[in-house]
>>> print(open('my_file10.txt').read())   # compact mmCIF, C-alpha atoms
# COMPACT_ATOMS: atom_id res chain seq x y z
CA GLY A 1 29.41 93.39 65.03
CA VAL A 2 27.81 91.96 68.17
CA GLY A 3 27.31 94.87 70.58
CA GLY A 4 27.91 92.83 73.73
CA TRP A 5 31.66 92.98 73.10
CA ALA A 6 31.65 96.64 74.10
CA GLU A 7 31.11 95.58 77.72
CA LEU A 8 34.48 93.81 77.51
CA GLY A 9 36.26 96.84 76.12
CA VAL A 10 36.27 95.52 72.54
CA ASP A 11 35.11 97.64 69.61
CA PRO A 12 32.13 95.60 68.32
CA ALA A 13 32.67 96.87 64.78
CA GLU A 14 36.31 95.82 64.45
CA TYR A 15 35.67 92.14 63.77
CA ALA A 16 32.99 92.89 61.18
CA ARG A 17 35.21 95.43 59.42
CA ARG A 18 38.17 93.06 59.29
CA LEU A 19 36.02 90.21 58.04
CA ALA A 20 34.52 92.41 55.33
CA ALA A 21 37.91 93.74 54.24
CA LEU A 22 39.32 90.23 53.90
CA MET A 23 36.29 89.14 51.86
CA VAL A 24 36.68 92.12 49.53
CA ASP A 25 40.35 91.31 48.98
CA TYR A 26 39.59 87.65 48.28
CA PHE A 27 36.84 88.59 45.83
CA ALA A 28 39.14 90.98 43.98
CA ASP A 29 41.81 88.30 43.63
CA ASN A 30 39.42 85.53 42.55
CA ALA A 31 36.55 87.26 40.75
CA ASN A 32 37.17 85.60 37.41
CA GLY A 33 36.87 82.08 38.79
CA LEU A 34 33.83 82.44 41.01
CA GLU A 35 31.28 81.55 38.31
CA ASP A 36 32.64 78.01 38.14
CA ARG A 37 32.33 77.37 41.87
CA GLU A 38 29.32 75.65 43.39
CA ARG A 39 29.01 78.01 46.36
CA PRO A 40 31.39 80.94 45.82
CA LEU A 41 30.14 83.00 48.76
CA LEU A 42 30.93 80.17 51.16
CA ASP A 43 34.47 80.03 49.80
CA ILE A 44 34.82 83.79 50.37
CA VAL A 45 33.59 83.64 53.96
CA ARG A 46 35.68 80.55 54.78
CA HIS A 47 38.83 82.31 53.63
CA ALA A 48 38.22 85.47 55.67
CA PHE A 49 36.95 83.63 58.74
CA GLY A 50 39.94 81.30 58.72
CA ILE A 51 42.39 84.20 58.86
CA LEU A 52 40.60 85.88 61.78
CA ASP A 53 40.13 82.59 63.59
CA GLU A 54 43.86 81.88 63.38
CA ALA A 55 44.64 85.43 64.53
CA LYS A 56 42.26 84.98 67.51
CA LEU A 57 40.78 88.43 66.95
CA ALA A 58 38.29 89.32 69.67
CA GLY A 59 34.78 90.02 68.48
CA SER A 60 32.05 88.42 66.41
CA CYS A 61 29.41 89.28 63.84
CA THR A 62 26.59 87.98 61.70
CA CYS A 63 27.07 87.74 57.95
CA CYS A 64 24.81 88.33 54.96
CA LEU A 65 26.19 88.33 51.41
CA SER A 66 24.86 88.25 47.88
CA LEU A 67 26.54 87.82 44.52
CA LEU A 68 24.89 88.21 41.12
CA LEU A 69 26.84 86.24 38.54
CA PRO A 70 26.85 86.78 34.75
CA SER A 71 24.69 83.65 34.44
CA GLY A 72 21.82 85.56 36.07
CA ARG A 73 21.95 83.51 39.25
CA LEU A 74 21.91 85.40 42.55
CA HIS A 75 23.87 83.60 45.26
CA VAL A 76 22.84 84.43 48.81
CA LEU A 77 24.56 83.46 52.07
CA ASN A 78 23.09 84.35 55.45
CA LEU A 79 24.32 83.51 58.93
CA GLY A 80 22.53 85.08 61.90
CA ASP A 81 19.79 87.68 62.09
CA SER A 82 20.72 89.99 59.26
CA GLY A 83 18.96 89.12 56.05
CA LEU A 84 18.09 89.62 52.39
CA GLN A 85 14.74 90.24 50.74
CA VAL A 86 13.68 90.55 47.10
CA VAL A 87 10.74 92.83 46.31
CA ARG A 88 9.01 92.72 42.93
CA GLU A 89 6.10 94.92 41.87
CA GLY A 90 5.00 95.61 45.42
CA GLU A 91 5.35 92.05 46.70
CA SER A 92 8.00 90.14 48.57
CA VAL A 93 9.09 87.20 46.43
CA PHE A 94 11.98 85.98 48.58
CA LYS A 95 13.27 86.51 52.10
CA THR A 96 15.87 84.76 54.21
CA THR A 97 14.99 83.45 57.67
CA GLU A 98 16.93 84.57 60.72
CA GLN A 99 19.13 81.98 62.42
CA GLN A 100 19.04 81.99 66.21
CA HIS A 101 20.17 79.54 68.88
CA TYR A 102 17.44 81.00 71.06
CA PHE A 103 15.57 84.30 71.19
CA ASN A 104 17.87 87.29 70.63
CA CYS A 105 20.95 85.05 70.36
CA PRO A 106 21.77 84.87 66.65
CA PHE A 107 24.29 82.67 64.93
CA GLN A 108 27.58 84.55 64.64
CA LEU A 109 31.14 84.11 63.47
CA GLY A 110 34.01 84.90 65.78
CA MET A 111 35.55 84.38 69.18
CA GLY A 112 33.41 82.50 71.68
CA SER A 113 31.06 81.09 69.05
CA ASP A 114 30.91 77.53 67.76
CA ASP A 115 29.22 78.67 64.56
CA ARG A 116 31.13 78.25 61.33
CA PRO A 117 30.63 79.48 57.75
CA GLU A 118 29.21 76.08 56.87
CA ASP A 119 26.31 76.75 59.27
CA ALA A 120 25.02 79.55 57.05
CA ASP A 121 21.92 79.20 54.91
CA TYR A 122 22.84 79.24 51.23
CA PHE A 123 20.44 80.04 48.39
CA ILE A 124 20.68 80.31 44.63
CA LEU A 125 17.93 82.41 43.06
CA GLU A 126 17.39 81.80 39.37
CA ASP A 127 14.25 83.83 38.72
CA LEU A 128 15.26 87.46 39.14
CA ALA A 129 13.42 89.98 36.97
CA PRO A 130 14.23 93.51 35.78
CA ASP A 131 13.42 96.17 38.41
CA ASP A 132 13.55 93.67 41.30
CA ALA A 133 14.79 95.38 44.46
CA VAL A 134 17.30 93.39 46.49
CA ILE A 135 17.54 94.56 50.11
CA LEU A 136 20.27 93.47 52.52
CA ALA A 137 19.89 94.73 56.07
CA THR A 138 20.94 94.18 59.66
CA ASP A 139 18.57 93.27 62.48
CA GLY A 140 17.96 96.93 63.27
CA VAL A 141 15.68 96.89 60.22
CA TRP A 142 13.97 93.51 60.60
CA ASP A 143 13.34 94.07 64.34
CA ASN A 144 11.44 97.28 63.61
CA LEU A 145 9.81 96.96 60.19
CA TYR A 146 7.06 94.51 59.37
CA ASN A 147 7.16 93.04 55.89
CA GLU A 148 4.26 95.14 54.58
CA ALA A 149 5.90 98.35 55.78
CA LEU A 150 9.25 97.54 54.20
CA VAL A 151 7.65 96.58 50.87
CA SER A 152 5.71 99.85 50.79
CA LEU A 153 8.91 101.81 51.35
CA ILE A 154 10.72 99.95 48.57
CA ASP A 155 7.89 99.93 46.02
CA ASP A 156 9.11 102.98 44.11
CA THR A 157 10.92 102.28 40.85
CA ALA A 158 11.53 105.98 40.27
CA ALA A 159 13.68 106.33 43.39
CA SER A 160 17.39 105.50 43.36
CA PRO A 161 18.66 102.55 45.38
CA GLU A 162 20.50 105.02 47.63
CA ALA A 163 17.28 106.92 48.32
CA LEU A 164 15.41 103.70 49.07
CA ALA A 165 18.12 102.55 51.48
CA ARG A 166 18.04 105.87 53.31
CA ARG A 167 14.24 105.70 53.46
CA VAL A 168 14.36 102.26 55.09
CA SER A 169 17.14 103.29 57.47
CA GLU A 170 15.38 106.43 58.65
CA LYS A 171 12.09 104.63 59.20
CA SER A 172 13.85 101.87 61.16
CA HIS A 173 15.53 104.43 63.41
CA LEU A 174 12.25 106.30 63.91
CA LEU A 175 10.35 103.17 64.92
CA GLY A 176 13.24 101.92 67.03
CA ARG A 177 12.86 105.02 69.22
CA ASP A 178 9.08 104.69 69.57
CA SER A 179 8.28 103.28 73.01
CA THR A 180 4.60 102.80 72.10
CA TYR A 181 5.17 100.87 68.86
CA VAL A 182 4.45 97.14 68.82
CA SER A 183 7.55 96.20 66.87
CA PRO A 184 8.30 92.80 65.33
CA PHE A 185 10.93 92.36 68.06
CA ALA A 186 8.39 93.13 70.79
CA ALA A 187 5.87 90.75 69.25
CA ASN A 188 8.48 87.99 69.06
CA ALA A 189 9.53 88.63 72.67
CA GLN A 190 5.95 88.33 73.84
CA ARG A 191 5.57 85.03 72.00
CA GLN A 192 8.56 83.82 74.03
CA GLY A 193 6.87 84.89 77.26
CA LEU A 194 9.12 87.94 77.68
CA ARG A 195 8.10 91.50 78.43
CA PHE A 196 9.32 94.03 75.91
CA HIS A 197 7.57 97.13 74.64
CA GLY A 198 8.28 99.50 71.80
CA GLY A 199 10.80 99.49 69.01
CA LYS A 200 14.30 98.08 69.33
CA LEU A 201 16.93 100.72 68.71
CA ASP A 202 19.89 98.92 67.17
CA ASP A 203 22.55 99.23 64.52
CA VAL A 204 20.97 99.78 61.12
CA THR A 205 22.79 99.03 57.88
CA VAL A 206 20.85 98.85 54.61
CA VAL A 207 22.02 98.12 51.07
CA VAL A 208 19.51 98.28 48.23
CA SER A 209 20.25 97.15 44.67
CA ARG A 210 18.01 97.32 41.62
CA VAL A 211 18.16 94.59 38.97
CA CYS A 212 18.64 96.19 35.55
CA ALA A 213 18.82 93.23 33.19
CA VAL A 214 18.89 89.51 33.78
CA LYS A 215 20.37 86.72 31.72
CA LYS A 216 17.80 83.95 31.92
CA VAL A 217 18.97 80.53 33.07
CA LYS A 218 17.45 77.28 31.89
CA GLN A 219 15.88 76.27 35.19
CA LYS A 220 13.92 78.84 37.18
CA SER A 221 13.86 78.19 40.90
CA ALA A 222 15.06 79.36 44.26
CA GLN A 223 16.98 76.54 45.83
CA GLN A 224 18.63 76.25 49.22
CA GLU A 225 21.90 74.46 49.79
CA GLY A 226 24.11 73.76 52.73
CA LYS A 227 21.27 73.98 55.26
CA ARG A 228 22.00 72.65 58.70
>>> encode(input="my_file10.txt", output="structure tokens")
Amino acid sequence: GVGGWAELGVDPAEYARRLAALMVDYFADNANGLEDRERPLLDIVRHAFGILDEAKLAGSCTCCLSLLLPSGRLHVLNLGDSGLQVVREGESVFKTTEQQHYFNCPFQLGMGSDDRPEDADYFILEDLAPDDAVILATDGVWDNLYNEALVSLIDDTAASPEALARRVSEKSHLLGRDSTYVSPFAANAQRQGLRFHGGKLDDVTVVVSRVCAVKKVKQKSAQQEGKR
């Protein structure tokens, strides 16, 4: 969740947890029909967001989801400054772009925000390969790890996805506490004319998945839909 809510006495994690729980329930109830939908992840987020919007639950959060269907297509939805990256044989072959209204103000779902699920970037990846690593992470990772550093941490097919996720998380925390490190966040701040030094200690959540086998689809591409 967005940490600024804590200053108002609101648990920043509550909105994110409720949103995630509602999405899990919707997925469980509709899993068999998702393959036939054009953008299933958008349907999932719309459902959960609509319930919380009607309930007027205080809080807000970014949102990054992925769904690998039996067809071999990987659906990706990203709203805000979390993100997804695909690493193959030591190289990054796909990465989402953060969505921000202005520096350090990401798109977010929830109270006080005009952003809606339809504002998310939506991708369909059709060229996954066996042993591809799919990384989903919050901004606590992207603000502290440059692309080359993350790829080097992930480029280990012998390690389990859990071990890789812990490796990325620990490195992000370590760099976030380093006041002498020129972090990606610090570099971006300086490009905006702002003074910021060191890493950016923030919430870090990392999920790593390894592609085992892929059913090839007829057309190989990574296409983006629903872009603002």
>>> closest_atom_pairs(input="my_file10.txt", of="range 81-168 of chain A", to="range 177-195 of chain A", cutoff="10 Å", atoms="only C-alpha atoms", output="JSON lines")
{"residue": "A:Tyr102", "atom": "CA", "partner": "A:Gln192", "partner_atom": "CA", "distance": 9.8}
{"residue": "A:Phe103", "atom": "CA", "partner": "A:Ala189", "partner_atom": "CA", "distance": 7.6}
{"residue": "A:Asn104", "atom": "CA", "partner": "A:Ala189", "partner_atom": "CA", "distance": 8.7}
{"residue": "A:Asp139", "atom": "CA", "partner": "A:Phe185", "partner_atom": "CA", "distance": 9.5}
{"residue": "A:Gly140", "atom": "CA", "partner": "A:Phe185", "partner_atom": "CA", "distance": 9.7}
{"residue": "A:Val141", "atom": "CA", "partner": "A:Pro184", "partner_atom": "CA", "distance": 9.9}
{"residue": "A:Trp142", "atom": "CA", "partner": "A:Pro184", "partner_atom": "CA", "distance": 7.4}
{"residue": "A:Asp143", "atom": "CA", "partner": "A:Phe185", "partner_atom": "CA", "distance": 4.8}
{"residue": "A:Asn144", "atom": "CA", "partner": "A:Ser183", "partner_atom": "CA", "distance": 5.2}
{"residue": "A:Leu145", "atom": "CA", "partner": "A:Pro184", "partner_atom": "CA", "distance": 6.8}
{"residue": "A:Tyr146", "atom": "CA", "partner": "A:Pro184", "partner_atom": "CA", "distance": 6.3}
{"residue": "A:Asn147", "atom": "CA", "partner": "A:Pro184", "partner_atom": "CA", "distance": 9.5}
>>> residues_near_point(input="my_file10.txt", point="(18.3, 99.0, 66.5)", cutoff="6 Å", atoms="all atoms listed in the file", output="count of residues only")
6
>>> closest_residue(input="my_file10.txt", among="A:Val168, A:Leu19, A:Ser160, A:Val211", to="Pro130 in chain A", atoms="all atoms listed in the file")
A:Val211
>>> atom_distance(input="my_file10.txt", atom1="CA of Ser209 in chain A", atom2="CA of Glu91 in chain A")
15.9 Å
>>> atom_distance(input="my_file10.txt", atom1="CA of Leu67 in chain A", atom2="CA of Ala48 in chain A")
16.3 Å
>>> closest_residue(input="my_file10.txt", among="A:Glu54, A:Glu170, A:Asp119, A:Asp11", to="Leu153 in chain A", atoms="all atoms listed in the file")
A:Glu170
>>> closest_residue(input="my_file10.txt", among="A:Ala133, A:Ala55, A:Pro70, A:Thr62", to="Leu34 in chain A", atoms="all atoms listed in the file")
A:Pro70
>>> residues_around(input="my_file10.txt", residues="Met23 in chain A", least_positions_apart="6", cutoff="9 Å", atoms="only C-alpha atoms", output="list in words")
Ile44, Val45, His47, Ala48 and Phe49 of chain A
>>> write_last_selection(input="my_file10.txt", atoms="C-alpha atoms", output="compact mmCIF listing (two decimals), keeping the file's coordinate frame")
# COMPACT_ATOMS: atom_id res chain seq x y z
CA ILE A 44 34.82 83.79 50.37
CA VAL A 45 33.59 83.64 53.96
CA HIS A 47 38.83 82.31 53.63
CA ALA A 48 38.22 85.47 55.67
CA PHE A 49 36.95 83.63 58.74
>>> closest_residue(input="my_file10.txt", among="A:Glu7, A:Pro106, A:Arg46, A:Val208", to="Gln85 in chain A", atoms="only C-alpha atoms")
A:Val208
>>> atom_distance(input="my_file10.txt", atom1="CA of Asp115 in chain A", atom2="CA of Glu98 in chain A")
14.2 Å
>>> closest_atom_pairs(input="my_file10.txt", of="range 115-220 of chain A", to="range 93-97 of chain A", cutoff="10 Å", atoms="only C-alpha atoms", output="JSON lines")
{"residue": "A:Asp121", "atom": "CA", "partner": "A:Thr96", "partner_atom": "CA", "distance": 8.2}
{"residue": "A:Tyr122", "atom": "CA", "partner": "A:Thr96", "partner_atom": "CA", "distance": 9.4}
{"residue": "A:Phe123", "atom": "CA", "partner": "A:Thr96", "partner_atom": "CA", "distance": 8.8}
{"residue": "A:Leu125", "atom": "CA", "partner": "A:Phe94", "partner_atom": "CA", "distance": 8.9}
{"residue": "A:Asp127", "atom": "CA", "partner": "A:Val93", "partner_atom": "CA", "distance": 9.9}
{"residue": "A:Leu128", "atom": "CA", "partner": "A:Val93", "partner_atom": "CA", "distance": 9.6}
{"residue": "A:Asp132", "atom": "CA", "partner": "A:Val93", "partner_atom": "CA", "distance": 9.4}
{"residue": "A:Val134", "atom": "CA", "partner": "A:Phe94", "partner_atom": "CA", "distance": 9.4}
{"residue": "A:Ile135", "atom": "CA", "partner": "A:Lys95", "partner_atom": "CA", "distance": 9.3}
{"residue": "A:Leu136", "atom": "CA", "partner": "A:Lys95", "partner_atom": "CA", "distance": 9.9}
{"residue": "A:Asn147", "atom": "CA", "partner": "A:Lys95", "partner_atom": "CA", "distance": 9.7}
>>> closest_residue(input="my_file10.txt", among="A:Arg167, A:His197, A:His173, A:Arg17", to="Cys63 in chain A", atoms="all atoms listed in the file")
A:Arg17
>>> residues_near_point(input="my_file10.txt", point="(23.1, 82.9, 62.0)", cutoff="6 Å", atoms="all atoms listed in the file", output="JSON, numbers by chain")
{"A": [79, 80, 81, 99, 100, 106, 107, 108]}
>>> residues_around(input="my_file10.txt", residues="Leu68 in chain A", least_positions_apart="3", cutoff="12 Å", atoms="only C-alpha atoms", output="list in words")
Ala31, Leu34, Glu35, Pro40, Leu41, Leu65, Ser71, Gly72, Arg73, Leu74, His75, Val76, Leu77, Phe123, Ile124, Leu125, Glu126, Asp127, Leu128, Val134, Ser209, Arg210, Val211, Cys212, Ala213, Val214 and Lys215 of chain A
>>> closest_residue(input="my_file10.txt", among="A:Leu175, A:Glu89, A:Asp25, A:Val2", to="Asp156 in chain A", atoms="all atoms listed in the file")
A:Glu89
>>> decode(input="my_file10.txt", residues="range 161-198 of chain A", atoms="N, CA and C atoms", output="tab-separated table (two decimals), in the first residue's frame")
chain	number	residue	atom	x	y	z
A	161	PRO	N	13.25	-20.61	-7.31
A	161	PRO	CA	12.63	-19.28	-7.37
A	161	PRO	C	12.58	-18.59	-6.01
A	162	GLU	N	12.33	-19.37	-4.95
A	162	GLU	CA	12.29	-18.79	-3.61
A	162	GLU	C	13.65	-18.21	-3.22
A	163	ALA	N	14.72	-18.94	-3.55
A	163	ALA	CA	16.07	-18.47	-3.23
A	163	ALA	C	16.41	-17.21	-4.02
A	164	LEU	N	15.98	-17.16	-5.28
A	164	LEU	CA	16.25	-15.99	-6.10
A	164	LEU	C	15.49	-14.77	-5.57
A	165	ALA	N	14.25	-14.98	-5.16
A	165	ALA	CA	13.46	-13.87	-4.62
A	165	ALA	C	14.09	-13.33	-3.35
A	166	ARG	N	14.55	-14.22	-2.49
A	166	ARG	CA	15.20	-13.78	-1.25
A	166	ARG	C	16.50	-13.04	-1.56
A	167	ARG	N	17.22	-13.52	-2.56
A	167	ARG	CA	18.47	-12.87	-2.95
A	167	ARG	C	18.22	-11.43	-3.40
A	168	VAL	N	17.19	-11.24	-4.22
A	168	VAL	CA	16.85	-9.90	-4.71
A	168	VAL	C	16.38	-9.02	-3.56
A	169	SER	N	15.55	-9.58	-2.69
A	169	SER	CA	15.02	-8.82	-1.55
A	169	SER	C	16.14	-8.35	-0.63
A	170	GLU	N	17.03	-9.26	-0.29
A	170	GLU	CA	18.11	-8.90	0.63
A	170	GLU	C	19.03	-7.85	0.04
A	171	LYS	N	19.34	-7.98	-1.24
A	171	LYS	CA	20.20	-6.99	-1.88
A	171	LYS	C	19.52	-5.63	-1.94
A	172	SER	N	18.22	-5.62	-2.20
A	172	SER	CA	17.47	-4.35	-2.24
A	172	SER	C	17.48	-3.67	-0.88
A	173	HIS	N	17.28	-4.43	0.18
A	173	HIS	CA	17.32	-3.87	1.53
A	173	HIS	C	18.72	-3.34	1.86
A	174	LEU	N	19.74	-4.10	1.48
A	174	LEU	CA	21.11	-3.68	1.76
A	174	LEU	C	21.44	-2.36	1.08
A	175	LEU	N	21.10	-2.25	-0.20
A	175	LEU	CA	21.39	-1.02	-0.94
A	175	LEU	C	20.49	0.13	-0.48
A	176	GLY	N	19.28	-0.20	-0.07
A	176	GLY	CA	18.37	0.84	0.41
A	176	GLY	C	18.89	1.53	1.66
A	177	ARG	N	19.72	0.84	2.43
A	177	ARG	CA	20.28	1.40	3.66
A	177	ARG	C	21.63	2.08	3.45
A	178	ASP	N	22.14	2.03	2.22
A	178	ASP	CA	23.48	2.56	1.94
A	178	ASP	C	23.38	4.04	1.56
A	179	SER	N	23.84	4.90	2.44
A	179	SER	CA	23.73	6.35	2.21
A	179	SER	C	24.74	6.86	1.18
A	180	THR	N	25.69	6.03	0.79
A	180	THR	CA	26.69	6.46	-0.19
A	180	THR	C	26.40	5.93	-1.59
A	181	TYR	N	25.41	5.08	-1.71
A	181	TYR	CA	25.10	4.42	-2.99
A	181	TYR	C	24.30	5.35	-3.90
A	182	VAL	N	24.73	5.43	-5.15
A	182	VAL	CA	23.98	6.22	-6.14
A	182	VAL	C	22.91	5.31	-6.73
A	183	SER	N	21.78	5.29	-6.09
A	183	SER	CA	20.69	4.38	-6.46
A	183	SER	C	19.96	4.88	-7.71
A	184	PRO	N	19.19	4.00	-8.36
A	184	PRO	CA	18.35	4.46	-9.46
A	184	PRO	C	17.40	5.58	-9.04
A	185	PHE	N	16.87	5.49	-7.80
A	185	PHE	CA	15.98	6.54	-7.32
A	185	PHE	C	16.72	7.86	-7.19
A	186	ALA	N	17.95	7.82	-6.64
A	186	ALA	CA	18.75	9.04	-6.49
A	186	ALA	C	19.08	9.64	-7.86
A	187	ALA	N	19.44	8.78	-8.80
A	187	ALA	CA	19.76	9.26	-10.14
A	187	ALA	C	18.55	9.91	-10.80
A	188	ASN	N	17.37	9.30	-10.63
A	188	ASN	CA	16.15	9.87	-11.19
A	188	ASN	C	15.81	11.20	-10.52
A	189	ALA	N	16.01	11.27	-9.21
A	189	ALA	CA	15.74	12.52	-8.48
A	189	ALA	C	16.63	13.64	-8.99
A	190	GLN	N	17.89	13.33	-9.20
A	190	GLN	CA	18.82	14.34	-9.69
A	190	GLN	C	18.46	14.82	-11.08
A	191	ARG	N	17.94	13.92	-11.90
A	191	ARG	CA	17.50	14.32	-13.25
A	191	ARG	C	16.30	15.26	-13.18
A	192	GLN	N	15.56	15.19	-12.07
A	192	GLN	CA	14.42	16.08	-11.87
A	192	GLN	C	14.82	17.36	-11.14
A	193	GLY	N	16.11	17.53	-10.89
A	193	GLY	CA	16.60	18.72	-10.21
A	193	GLY	C	16.44	18.65	-8.70
A	194	LEU	N	16.26	17.45	-8.15
A	194	LEU	CA	16.07	17.27	-6.72
A	194	LEU	C	17.33	16.70	-6.09
A	195	ARG	N	17.52	16.99	-4.82
A	195	ARG	CA	18.68	16.49	-4.11
A	195	ARG	C	18.29	15.26	-3.30
A	196	PHE	N	18.87	14.15	-3.64
A	196	PHE	CA	18.64	12.91	-2.90
A	196	PHE	C	19.89	12.06	-3.05
A	197	HIS	N	20.36	11.52	-1.92
A	197	HIS	CA	21.57	10.71	-1.94
A	197	HIS	C	21.30	9.36	-1.30
A	198	GLY	N	21.98	8.35	-1.83
A	198	GLY	CA	21.89	7.02	-1.23
A	198	GLY	C	20.77	6.16	-1.79
